[in-house]
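Asker: The structure follows.
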Amino acid sequence: MDILAALNPAQREAAEAINGPVLILAGPGSGKTRVITHRIAYLVKVCGISPHRIMAVTFTNKAAREMEERLKKLISGSVKELTMGTFHAICARILRQDGRVVGVEPRFVIYDRADQLSLVKRAIKETGFDPKQYIPSAVLSVISNSKSQVITPEAFIQRGSGNFDEVTGRTYEKYQQLLNQSNALDFDDLLMKVVQLFDSQPEVLDKYQERYIHLLVDEFQDTNLVQYRLVKQLAGKYRNVCVVGDPDQSIYSWRSADLRNIMNFEKDYPEARVVLLEQNYRSTKAILETASNIISANQERKPTQLWTENKQGELINIVSASTQQEEAQYVVNEVERLLRQGEVRLADCAVMYRTNAQSRALEEAFIRYGTPYKLVAGTRFYERREVKDVIAYLRLIHNQQDSVSLLRIINIPQRSIGERTLSQLASWANSLGISHYRALQLAVNPEDDKQPPFNPRTIRVLSGFYEIMEELIIRSRELGLVELFNLVVKKTGYREYIMNTTDGEERWENVLELRTVARQYSDLEPVEGLSVFLEGVTLVSDVDTYDESVGAVTLITLHQAKGLEFPVVFIVGLEEGILPHIRSFDDPAQMEEERRLCYVGVTRAKKRVYLIYALRRNLMGSSTANSPSRFLKDIPSHLIAGADLWRGEESQLRGSISCWESDTPAITIDLPELKAGDRVIHSQFGRGVVVSCHPVNDDSEVVVAFPGMGVKKLLLSFARLEKVG
DNA sequence: CGAAAGGCTCTTTTT
DNA sequence: GAGCCTTTCG
């Protein structure tokens, strides 16, 4: 059987070009996953390459799993030997294996963003700065950015200039120290340490280069510099490296993803073969054309020639709602309508949005109508307090140096160990150059020359915690993960503790849910099981747990939607300030990324697209009015199904698409009384004079002349008009 | 030390 | 609207 028979010529070329570097520029829906899987199958089945010697890097664990599934069907053999996963997962594995030579102990724990923030904050304080003046999240993002470019604290300090850099540099240094002391790595370290490992240990690098003679990297447009260097190191010998990406779908620059990686690829590998995949198998012509129109407004891009043999399909629906509640209601109504028509199933529909906060109104509507939905991420399961608490216990059992975990749970449930005690413990530990846990140990069982700075009462409470931990640590060597889990909950009285908090029942359910996750690891050896579990829970992403087979509408951020596809896509919040997000307004490059985000959303759709905006939206408590997104203006009208001006229960069609051209929909809480000659101020158009004002339905139509901006026809309830003079 | 209440700030996207 | 911090009181 010809493994490549099912591919089109371009796909086939990409799959077959196994010798030397290959850059595949794959438009949305062009079958890139297909190419990758077939390429691997071809390598194994036709070229006789052992799966053991192939590494495929994916963007999410879910993508890796799916690829594995597909491969199982293509090659009836062991796929297990393949190295497939995210950069982070693969690097964690490498470091457990070989990290020791660069000072990474195999028992390291991985700090997620919340852990990082708490550690940065501590670093700021311990460096003698004020975390209120230097915002931990801002400092962290600079640190993270530096790590993504393999800039060490020393290098950062050297090149730095200005006060903020000085503070950040010293904090960065301290932060790395604290990580080190905690035997912990953050997300960025996982990558950076491997690059440093390969740089400093040629024989280790050689081992990996010899093993992985074929490399594949998916979503290459979203790799950062460390990742690029890593790939370059690994491919340094055989240069069989195949990267797949689409510059138009690059949406992670804020995570230091660098589009230059694609440009540099052709520079670093001048012999690279470049393959373009431009035929789209996913979307209708109308959808593809809409997407192309949106993306072509970007300046910093090469034009592409996407095409499809699919039919023209339905026109794009642009919908105006007056509030986010109505917007959500519209979505649910429309889903229900499509369902009734028997056109689609629930699972065919997805609602996409720019920010997680937008999911709330949608959820409420879905709940109200009883329409099944699944929220990707929103729960942020692993970020929940109760889940983090239990994980912190398990982490501390696994690695007693983990100070973030220790500080998190030493007084949870309450043991009367307060701030004072903790700062004494910390400074004592620091002065002796030992970990918090070791200091705790010494406080409970003092050695002659080290007198603990605590009174007897404090020592008693500390000892209570210490005894629990010691027992848990000892038992962890023999207990399966679930038994250990149960023992932790029992010994700490966690159930009683959490049941006494608000939403106690629900929180306890989450703890039980975490135990269900733990169960999947219970057939591993005790210590091994714990270690693998802990790594698993920090490296999962929300899409990883996403199950498309569940019969429910998907609620998902545009970022998470990358790589997915749905017959019906609703994109909500197409407003200036939301999509594009307000934070992109002063930076053209960021604005282009917002546009790409919109493009990613639209290209997820196979058959139907709804682009929805709300004239008024609650943001941070207060109500704001936004104009419809500029991206809507780039959709030619022949592709638009007549924008529905959708108004509440009457679901009334106004059949006009010009609403955002002649009018900036907006609303004021107090409607001013207006008559001809009145002077007004509009948030967009500035000062103007009222020409006329007459009632329309329950509203008033106001015609205003804005000097230099023209004469505008506005609806009083929507326009944010302020009367002056 | 801890619980409760009030005040503050900040809101993008996530491996 | 939420999460974090500070203040206050027991």
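Residue numbers start at 1 in each chain; chains themselves are named A, B, ... in the order of the structure tokens; ligands are numbered from 1 in the order shown.
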Would you pick out the contacts of Leu484 in chain A at 10 Å or less, using only C-alpha atoms (C1' of nucleotides), so that residues sharing its chain but fewer than 6 positions from it are not included, and give the list as an MDAnalysis selection string?

Answerer: chainID A and resid 394 397 472:473 475:478 490 518 522 526 530

Asker: Using only C-alpha atoms (C1' of nucleotides), I'd like a table of the residues in chain C that come within 12 Å of chain A; for each, show the closest atom pair and its distance in Å rounded to one decimal, ordered by chain and ascending number, as a Markdown table.

Answerer:
| residue | atom | partner | partner_atom | distance |
| --- | --- | --- | --- | --- |
| C:DG1 | C1' | A:Gly621 | CA | 5.7 |
| C:DA2 | C1' | A:Met620 | CA | 9.4 |
| C:DC4 | C1' | A:Lys132 | CA | 11.8 |
| C:DC5 | C1' | A:Lys132 | CA | 10.8 |

Asker: Show me, as JSON, numbers by chain, every residue of chain A with an atom at most 10 Å from chain B, counting only C-alpha atoms (C1' of nucleotides).

Answerer: {"A": [59, 60, 61, 86, 87, 88, 89, 112, 113, 187, 188, 251, 252, 253, 254, 255, 354, 355, 356, 357, 414, 415, 416, 417, 418, 419, 420, 538, 539, 540, 541, 542, 557, 558, 559, 560, 578, 581, 582, 583, 584, 594, 597, 619, 620]}

Asker: Among range 383-439 of chain A, which residues does DSSP mark as helix (DSSP H, G or I) when it is run on the backbone? Keep the chain and numbering as in the structure and answer as number ranges by chain.

Answerer: A: 383, 385-398, 403-409, 419-432, 436-439

Asker: With N, CA, C and O atoms kept, could you save the residues just selected as a compact mmCIF listing (two decimals), in the first residue's frame?

Answerer:
# COMPACT_ATOMS: atom_id res chain seq x y z
N GLU A 383 -5.73 25.54 38.75
CA GLU A 383 -5.43 26.80 39.41
C GLU A 383 -6.30 27.01 40.64
O GLU A 383 -6.15 27.99 41.35
N ARG A 385 -7.79 26.80 44.27
CA ARG A 385 -7.10 26.79 45.55
C ARG A 385 -6.98 25.39 46.13
O ARG A 385 -5.91 24.93 46.52
N GLU A 386 -8.11 24.69 46.19
CA GLU A 386 -8.11 23.38 46.83
C GLU A 386 -7.23 22.38 46.08
O GLU A 386 -6.55 21.55 46.68
N VAL A 387 -7.22 22.51 44.76
CA VAL A 387 -6.40 21.61 43.96
C VAL A 387 -4.92 21.91 44.17
O VAL A 387 -4.10 21.02 44.38
N LYS A 388 -4.61 23.21 44.18
CA LYS A 388 -3.22 23.61 44.39
C LYS A 388 -2.74 23.21 45.77
O LYS A 388 -1.59 22.82 45.96
N ASP A 389 -3.61 23.32 46.77
CA ASP A 389 -3.23 22.93 48.12
C ASP A 389 -2.79 21.47 48.17
O ASP A 389 -1.72 21.15 48.68
N VAL A 390 -3.65 20.61 47.66
CA VAL A 390 -3.34 19.18 47.75
C VAL A 390 -2.09 18.86 46.93
O VAL A 390 -1.22 18.10 47.36
N ILE A 391 -1.99 19.49 45.76
CA ILE A 391 -0.79 19.28 44.95
C ILE A 391 0.45 19.76 45.70
O ILE A 391 1.51 19.13 45.65
N ALA A 392 0.30 20.86 46.43
CA ALA A 392 1.45 21.38 47.18
C ALA A 392 1.92 20.37 48.22
O ALA A 392 3.13 20.17 48.41
N TYR A 393 0.99 19.74 48.91
CA TYR A 393 1.38 18.68 49.84
C TYR A 393 2.16 17.58 49.12
O TYR A 393 3.21 17.14 49.57
N LEU A 394 1.61 17.17 47.99
CA LEU A 394 2.25 16.08 47.25
C LEU A 394 3.63 16.51 46.74
O LEU A 394 4.57 15.73 46.73
N ARG A 395 3.71 17.78 46.32
CA ARG A 395 5.01 18.25 45.83
C ARG A 395 6.05 18.28 46.94
O ARG A 395 7.20 17.94 46.75
N LEU A 396 5.59 18.71 48.11
CA LEU A 396 6.52 18.80 49.23
C LEU A 396 6.97 17.40 49.67
O LEU A 396 8.12 17.20 50.07
N ILE A 397 6.06 16.45 49.57
CA ILE A 397 6.43 15.07 49.87
C ILE A 397 7.50 14.61 48.89
O ILE A 397 8.47 13.95 49.25
N HIS A 398 7.32 15.01 47.66
CA HIS A 398 8.23 14.60 46.60
C HIS A 398 9.58 15.29 46.71
O HIS A 398 10.62 14.70 46.46
N SER A 403 10.07 25.32 48.34
CA SER A 403 9.67 26.32 49.33
C SER A 403 8.32 26.94 49.02
O SER A 403 7.57 27.29 49.93
N VAL A 404 7.99 27.07 47.76
CA VAL A 404 6.70 27.66 47.42
C VAL A 404 5.57 26.78 47.95
O VAL A 404 4.61 27.27 48.55
N SER A 405 5.73 25.49 47.79
CA SER A 405 4.70 24.58 48.31
C SER A 405 4.67 24.60 49.82
O SER A 405 3.60 24.63 50.43
N LEU A 406 5.84 24.59 50.42
CA LEU A 406 5.87 24.58 51.88
C LEU A 406 5.17 25.80 52.45
O LEU A 406 4.32 25.71 53.32
N LEU A 407 5.50 26.96 51.91
CA LEU A 407 4.90 28.18 52.44
C LEU A 407 3.41 28.22 52.16
O LEU A 407 2.64 28.83 52.88
N ARG A 408 3.01 27.56 51.09
CA ARG A 408 1.61 27.55 50.77
C ARG A 408 0.79 26.78 51.80
O ARG A 408 -0.26 27.23 52.23
N ILE A 409 1.31 25.62 52.22
CA ILE A 409 0.44 24.74 53.01
C ILE A 409 0.84 24.59 54.48
O ILE A 409 0.15 23.92 55.23
N GLU A 419 2.50 34.77 60.13
CA GLU A 419 3.47 35.47 59.33
C GLU A 419 4.80 35.67 60.06
O GLU A 419 5.87 35.51 59.50
N ARG A 420 4.68 36.01 61.32
CA ARG A 420 5.86 36.26 62.14
C ARG A 420 6.75 35.02 62.20
O ARG A 420 7.96 35.09 61.93
N THR A 421 6.11 33.91 62.52
CA THR A 421 6.85 32.66 62.59
C THR A 421 7.52 32.34 61.27
O THR A 421 8.68 31.92 61.21
N LEU A 422 6.79 32.57 60.20
CA LEU A 422 7.32 32.23 58.89
C LEU A 422 8.51 33.10 58.52
O LEU A 422 9.48 32.61 57.94
N SER A 423 8.44 34.38 58.84
CA SER A 423 9.57 35.22 58.45
C SER A 423 10.79 34.88 59.32
O SER A 423 11.92 34.94 58.85
N GLN A 424 10.52 34.49 60.56
CA GLN A 424 11.65 34.03 61.40
C GLN A 424 12.25 32.76 60.82
O GLN A 424 13.47 32.63 60.73
N LEU A 425 11.37 31.86 60.42
CA LEU A 425 11.84 30.60 59.85
C LEU A 425 12.66 30.87 58.60
O LEU A 425 13.74 30.31 58.39
N ALA A 426 12.15 31.79 57.77
CA ALA A 426 12.82 32.10 56.51
C ALA A 426 14.19 32.71 56.75
O ALA A 426 15.18 32.31 56.14
N SER A 427 14.26 33.68 57.67
CA SER A 427 15.56 34.34 57.83
C SER A 427 16.55 33.41 58.52
O SER A 427 17.75 33.46 58.23
N TRP A 428 16.05 32.57 59.40
CA TRP A 428 16.94 31.59 60.04
C TRP A 428 17.49 30.62 58.98
O TRP A 428 18.68 30.34 58.92
N ALA A 429 16.58 30.15 58.11
CA ALA A 429 17.00 29.24 57.04
C ALA A 429 18.03 29.92 56.15
O ALA A 429 19.06 29.34 55.79
N ASN A 430 17.77 31.17 55.82
CA ASN A 430 18.70 31.91 54.96
C ASN A 430 20.06 32.06 55.61
O ASN A 430 21.09 31.90 54.97
N SER A 431 20.05 32.39 56.92
CA SER A 431 21.33 32.63 57.58
C SER A 431 22.15 31.34 57.67
O SER A 431 23.37 31.38 57.69
N LEU A 432 21.48 30.22 57.71
CA LEU A 432 22.21 28.95 57.76
C LEU A 432 22.44 28.37 56.36
O LEU A 432 23.10 27.35 56.21
N HIS A 436 13.88 25.79 53.81
CA HIS A 436 12.88 26.01 54.84
C HIS A 436 12.56 24.71 55.57
O HIS A 436 12.40 24.68 56.77
N TYR A 437 12.48 23.67 54.79
CA TYR A 437 12.09 22.40 55.40
C TYR A 437 13.17 21.91 56.37
O TYR A 437 12.88 21.43 57.45
N ARG A 438 14.40 22.06 55.95
CA ARG A 438 15.51 21.65 56.81
C ARG A 438 15.53 22.49 58.10
O ARG A 438 15.77 21.98 59.19
N ALA A 439 15.22 23.75 57.95
CA ALA A 439 15.15 24.63 59.12
C ALA A 439 14.05 24.17 60.06
O ALA A 439 14.20 24.15 61.29

Asker: Mind the document's chain letters and residue numbers, and return as a VMD selection string the residues of range 332-506 of chain A that DSSP labels strand (DSSP E or B).

Answerer: chain A and resid 349 to 353 373 to 375 447 450

Asker: Can I get the selection written as a PDB file, in the first residue's frame, with N, CA and C atoms?

Answerer:
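Full text of selection05.pdb as output:
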ATOM      1  N   CYS A 349     -20.814  23.028  17.043  1.00  0.00           N
ATOM      2  CA  CYS A 349     -20.795  24.480  17.237  1.00  0.00           C
ATOM      3  C   CYS A 349     -19.737  24.893  18.253  1.00  0.00           C
ATOM      4  N   ALA A 350     -19.076  26.000  17.957  1.00  0.00           N
ATOM      5  CA  ALA A 350     -18.118  26.551  18.905  1.00  0.00           C
ATOM      6  C   ALA A 350     -18.334  28.045  19.015  1.00  0.00           C
ATOM      7  N   VAL A 351     -18.186  28.548  20.212  1.00  0.00           N
ATOM      8  CA  VAL A 351     -18.242  29.985  20.436  1.00  0.00           C
ATOM      9  C   VAL A 351     -16.846  30.426  20.867  1.00  0.00           C
ATOM     10  N   MET A 352     -16.306  31.403  20.158  1.00  0.00           N
ATOM     11  CA  MET A 352     -14.935  31.830  20.439  1.00  0.00           C
ATOM     12  C   MET A 352     -14.894  33.286  20.880  1.00  0.00           C
ATOM     13  N   TYR A 353     -13.974  33.571  21.783  1.00  0.00           N
ATOM     14  CA  TYR A 353     -13.882  34.917  22.312  1.00  0.00           C
ATOM     15  C   TYR A 353     -12.438  35.260  22.625  1.00  0.00           C
ATOM     16  N   TYR A 373     -23.189  22.764  27.099  1.00  0.00           N
ATOM     17  CA  TYR A 373     -21.984  23.410  26.606  1.00  0.00           C
ATOM     18  C   TYR A 373     -20.796  22.868  27.375  1.00  0.00           C
ATOM     19  N   LYS A 374     -19.638  23.003  26.804  1.00  0.00           N
ATOM     20  CA  LYS A 374     -18.422  22.678  27.543  1.00  0.00           C
ATOM     21  C   LYS A 374     -17.455  23.837  27.422  1.00  0.00           C
ATOM     22  N   LEU A 375     -16.969  24.234  28.556  1.00  0.00           N
ATOM     23  CA  LEU A 375     -16.081  25.380  28.620  1.00  0.00           C
ATOM     24  C   LEU A 375     -14.651  24.867  28.634  1.00  0.00           C
ATOM     25  N   GLU A 447      19.936  20.784  66.747  1.00  0.00           N
ATOM     26  CA  GLU A 447      21.298  20.300  66.907  1.00  0.00           C
ATOM     27  C   GLU A 447      22.030  21.304  67.781  1.00  0.00           C
ATOM     28  N   LYS A 450      23.053  24.899  66.651  1.00  0.00           N
ATOM     29  CA  LYS A 450      22.075  25.746  65.958  1.00  0.00           C
ATOM     30  C   LYS A 450      20.810  25.898  66.795  1.00  0.00           C
TER      31      LYS A 450
END

Asker: For CA of Gln441 in chain A and CA of Ser463 in chain A, determine how far apart the two atoms are, in Å to one decimal place.

Answerer: 8.3 Å

Asker: At a cut-off of 7 Å, using only C-alpha atoms (C1' of nucleotides), what residues contact range 18-32 of chain A? Leave out same-chain residues fewer than 5 positions from it and give the result as an MDAnalysis selection string.

Answerer: chainID A and resid 239:246 269 272:282 603

Asker: Write the residues you've just listed into a file as a PDB file, in the first residue's frame, and include N, CA, C and O atoms for each of them.

Answerer:
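Written file, part-v5.pdb:
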ATOM      1  N   ARG A 239      20.709  17.344  10.224  1.00  0.00           N
ATOM      2  CA  ARG A 239      19.945  18.387   9.531  1.00  0.00           C
ATOM      3  C   ARG A 239      18.654  17.905   8.897  1.00  0.00           C
ATOM      4  O   ARG A 239      18.137  18.526   7.967  1.00  0.00           O
ATOM      5  N   ASN A 240      18.139  16.775   9.397  1.00  0.00           N
ATOM      6  CA  ASN A 240      16.843  16.336   8.906  1.00  0.00           C
ATOM      7  C   ASN A 240      15.761  16.934   9.786  1.00  0.00           C
ATOM      8  O   ASN A 240      15.259  16.301  10.706  1.00  0.00           O
ATOM      9  N   VAL A 241      15.452  18.150   9.487  1.00  0.00           N
ATOM     10  CA  VAL A 241      14.501  18.840  10.348  1.00  0.00           C
ATOM     11  C   VAL A 241      13.382  19.412   9.498  1.00  0.00           C
ATOM     12  O   VAL A 241      13.615  20.073   8.493  1.00  0.00           O
ATOM     13  N   CYS A 242      12.189  19.087   9.899  1.00  0.00           N
ATOM     14  CA  CYS A 242      11.024  19.522   9.143  1.00  0.00           C
ATOM     15  C   CYS A 242      10.163  20.395  10.037  1.00  0.00           C
ATOM     16  O   CYS A 242       9.702  19.948  11.090  1.00  0.00           O
ATOM     17  N   VAL A 243      10.007  21.643   9.659  1.00  0.00           N
ATOM     18  CA  VAL A 243       9.175  22.527  10.469  1.00  0.00           C
ATOM     19  C   VAL A 243       7.938  22.937   9.678  1.00  0.00           C
ATOM     20  O   VAL A 243       7.989  23.130   8.466  1.00  0.00           O
ATOM     21  N   VAL A 244       6.835  23.037  10.401  1.00  0.00           N
ATOM     22  CA  VAL A 244       5.562  23.329   9.766  1.00  0.00           C
ATOM     23  C   VAL A 244       4.949  24.541  10.440  1.00  0.00           C
ATOM     24  O   VAL A 244       4.869  24.577  11.675  1.00  0.00           O
ATOM     25  N   GLY A 245       4.547  25.506   9.654  1.00  0.00           N
ATOM     26  CA  GLY A 245       3.956  26.671  10.283  1.00  0.00           C
ATOM     27  C   GLY A 245       3.195  27.542   9.311  1.00  0.00           C
ATOM     28  O   GLY A 245       3.185  27.293   8.105  1.00  0.00           O
ATOM     29  N   ASP A 246       2.564  28.554   9.871  1.00  0.00           N
ATOM     30  CA  ASP A 246       1.832  29.516   9.060  1.00  0.00           C
ATOM     31  C   ASP A 246       1.980  30.886   9.709  1.00  0.00           C
ATOM     32  O   ASP A 246       1.417  31.137  10.770  1.00  0.00           O
ATOM     33  N   TYR A 269      19.393  27.310   7.164  1.00  0.00           N
ATOM     34  CA  TYR A 269      19.375  26.093   6.350  1.00  0.00           C
ATOM     35  C   TYR A 269      19.130  26.489   4.889  1.00  0.00           C
ATOM     36  O   TYR A 269      18.034  26.284   4.359  1.00  0.00           O
ATOM     37  N   ALA A 272      17.343  24.379   2.516  1.00  0.00           N
ATOM     38  CA  ALA A 272      15.995  23.927   2.873  1.00  0.00           C
ATOM     39  C   ALA A 272      15.045  23.931   1.688  1.00  0.00           C
ATOM     40  O   ALA A 272      15.041  24.842   0.867  1.00  0.00           O
ATOM     41  N   ARG A 273      14.252  22.906   1.632  1.00  0.00           N
ATOM     42  CA  ARG A 273      13.199  22.866   0.643  1.00  0.00           C
ATOM     43  C   ARG A 273      11.964  23.526   1.250  1.00  0.00           C
ATOM     44  O   ARG A 273      11.633  23.279   2.406  1.00  0.00           O
ATOM     45  N   VAL A 274      11.330  24.388   0.491  1.00  0.00           N
ATOM     46  CA  VAL A 274      10.146  25.077   0.995  1.00  0.00           C
ATOM     47  C   VAL A 274       8.916  24.557   0.257  1.00  0.00           C
ATOM     48  O   VAL A 274       8.885  24.540  -0.971  1.00  0.00           O
ATOM     49  N   VAL A 275       7.954  24.112   1.003  1.00  0.00           N
ATOM     50  CA  VAL A 275       6.732  23.590   0.394  1.00  0.00           C
ATOM     51  C   VAL A 275       5.544  24.421   0.858  1.00  0.00           C
ATOM     52  O   VAL A 275       5.387  24.692   2.046  1.00  0.00           O
ATOM     53  N   LEU A 276       4.744  24.835  -0.095  1.00  0.00           N
ATOM     54  CA  LEU A 276       3.550  25.601   0.252  1.00  0.00           C
ATOM     55  C   LEU A 276       2.320  24.720   0.155  1.00  0.00           C
ATOM     56  O   LEU A 276       2.106  24.053  -0.863  1.00  0.00           O
ATOM     57  N   LEU A 277       1.541  24.713   1.214  1.00  0.00           N
ATOM     58  CA  LEU A 277       0.259  24.007   1.170  1.00  0.00           C
ATOM     59  C   LEU A 277      -0.836  25.066   1.126  1.00  0.00           C
ATOM     60  O   LEU A 277      -1.075  25.747   2.110  1.00  0.00           O
ATOM     61  N   GLU A 278      -1.446  25.192  -0.010  1.00  0.00           N
ATOM     62  CA  GLU A 278      -2.398  26.297  -0.165  1.00  0.00           C
ATOM     63  C   GLU A 278      -3.821  25.861  -0.436  1.00  0.00           C
ATOM     64  O   GLU A 278      -4.736  26.670  -0.433  1.00  0.00           O
ATOM     65  N   GLN A 279      -3.987  24.577  -0.671  1.00  0.00           N
ATOM     66  CA  GLN A 279      -5.365  24.139  -0.892  1.00  0.00           C
ATOM     67  C   GLN A 279      -6.040  23.881   0.445  1.00  0.00           C
ATOM     68  O   GLN A 279      -5.553  23.128   1.275  1.00  0.00           O
ATOM     69  N   ASN A 280      -7.172  24.506   0.614  1.00  0.00           N
ATOM     70  CA  ASN A 280      -7.920  24.370   1.852  1.00  0.00           C
ATOM     71  C   ASN A 280      -9.011  23.318   1.689  1.00  0.00           C
ATOM     72  O   ASN A 280      -9.776  23.360   0.729  1.00  0.00           O
ATOM     73  N   TYR A 281      -9.043  22.386   2.623  1.00  0.00           N
ATOM     74  CA  TYR A 281     -10.062  21.330   2.574  1.00  0.00           C
ATOM     75  C   TYR A 281     -11.142  21.539   3.614  1.00  0.00           C
ATOM     76  O   TYR A 281     -12.036  20.738   3.746  1.00  0.00           O
ATOM     77  N   ARG A 282     -11.011  22.577   4.381  1.00  0.00           N
ATOM     78  CA  ARG A 282     -11.883  22.726   5.541  1.00  0.00           C
ATOM     79  C   ARG A 282     -13.116  23.578   5.264  1.00  0.00           C
ATOM     80  O   ARG A 282     -14.229  23.173   5.551  1.00  0.00           O
ATOM     81  N   THR A 603     -11.028  30.983  10.325  1.00  0.00           N
ATOM     82  CA  THR A 603     -10.598  29.814   9.558  1.00  0.00           C
ATOM     83  C   THR A 603     -10.823  28.497  10.295  1.00  0.00           C
ATOM     84  O   THR A 603     -10.543  27.439   9.753  1.00  0.00           O
TER      85      THR A 603
END

Asker: Got a sec: who's within 9 Å of Asp258 in chain A, counting only C-alpha atoms (C1' of nucleotides), leaving out chain neighbours fewer than 3 positions off, as a count of residues only?

Answerer: 11

Asker: Show which residues sit within 10 Å of Leu119 in chain A, as a list in words. Count only C-alpha atoms (C1' of nucleotides), and ignore same-chain residues fewer than 3 positions away.

Answerer: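 Final neighbour list, sorted by chain and number: Tyr111, Arg113, Ala114, Asp115, Gln116, Arg122, Ala123, Ile124, Lys125, Pro136, Leu140, Lys174, Tyr175, Gln176, Leu178, Leu179, Ser403 and Val404 of chain A.
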
Asker: Which residue, A:Arg93, A:Glu66, A:Val217, A:Leu4, has the smallest gap to Val46 in chain A when you use only C-alpha atoms?

Answerer: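 Using only C-alpha atoms, the shortest distance to Val46 in chain A belongs to A:Leu4.
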
Asker: I'd like the interatomic distance between CA of Gly573 in chain A and CA of Leu615 in chain A, to a tenth of an Å.

Answerer: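 Distance between the two atoms: 9.4 Å.
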
Asker: Counting only C-alpha atoms (C1' of nucleotides), what is within 10 Å of range 363-365 of chain A, bar same-chain residues fewer than 2 positions away, as a list of chain:residue names?

Answerer: A:Gln325, A:Glu326, A:Glu327, A:Ala328, A:Gln329, A:Tyr330, A:Val331, A:Val332, A:Asn333, A:Gln358, A:Ser359, A:Arg360, A:Ala361, A:Ile367, A:Arg368, A:Tyr369, A:Gly370, A:Thr371, A:Pro372, A:Tyr373, A:Lys374, A:Leu375, A:Leu555

Asker: Work out how far CA of Ile640 in chain A is from CA of Gly601 in chain A, in Å to one decimal.

Answerer: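 Computing it gives 16.7 Å between the two atoms.
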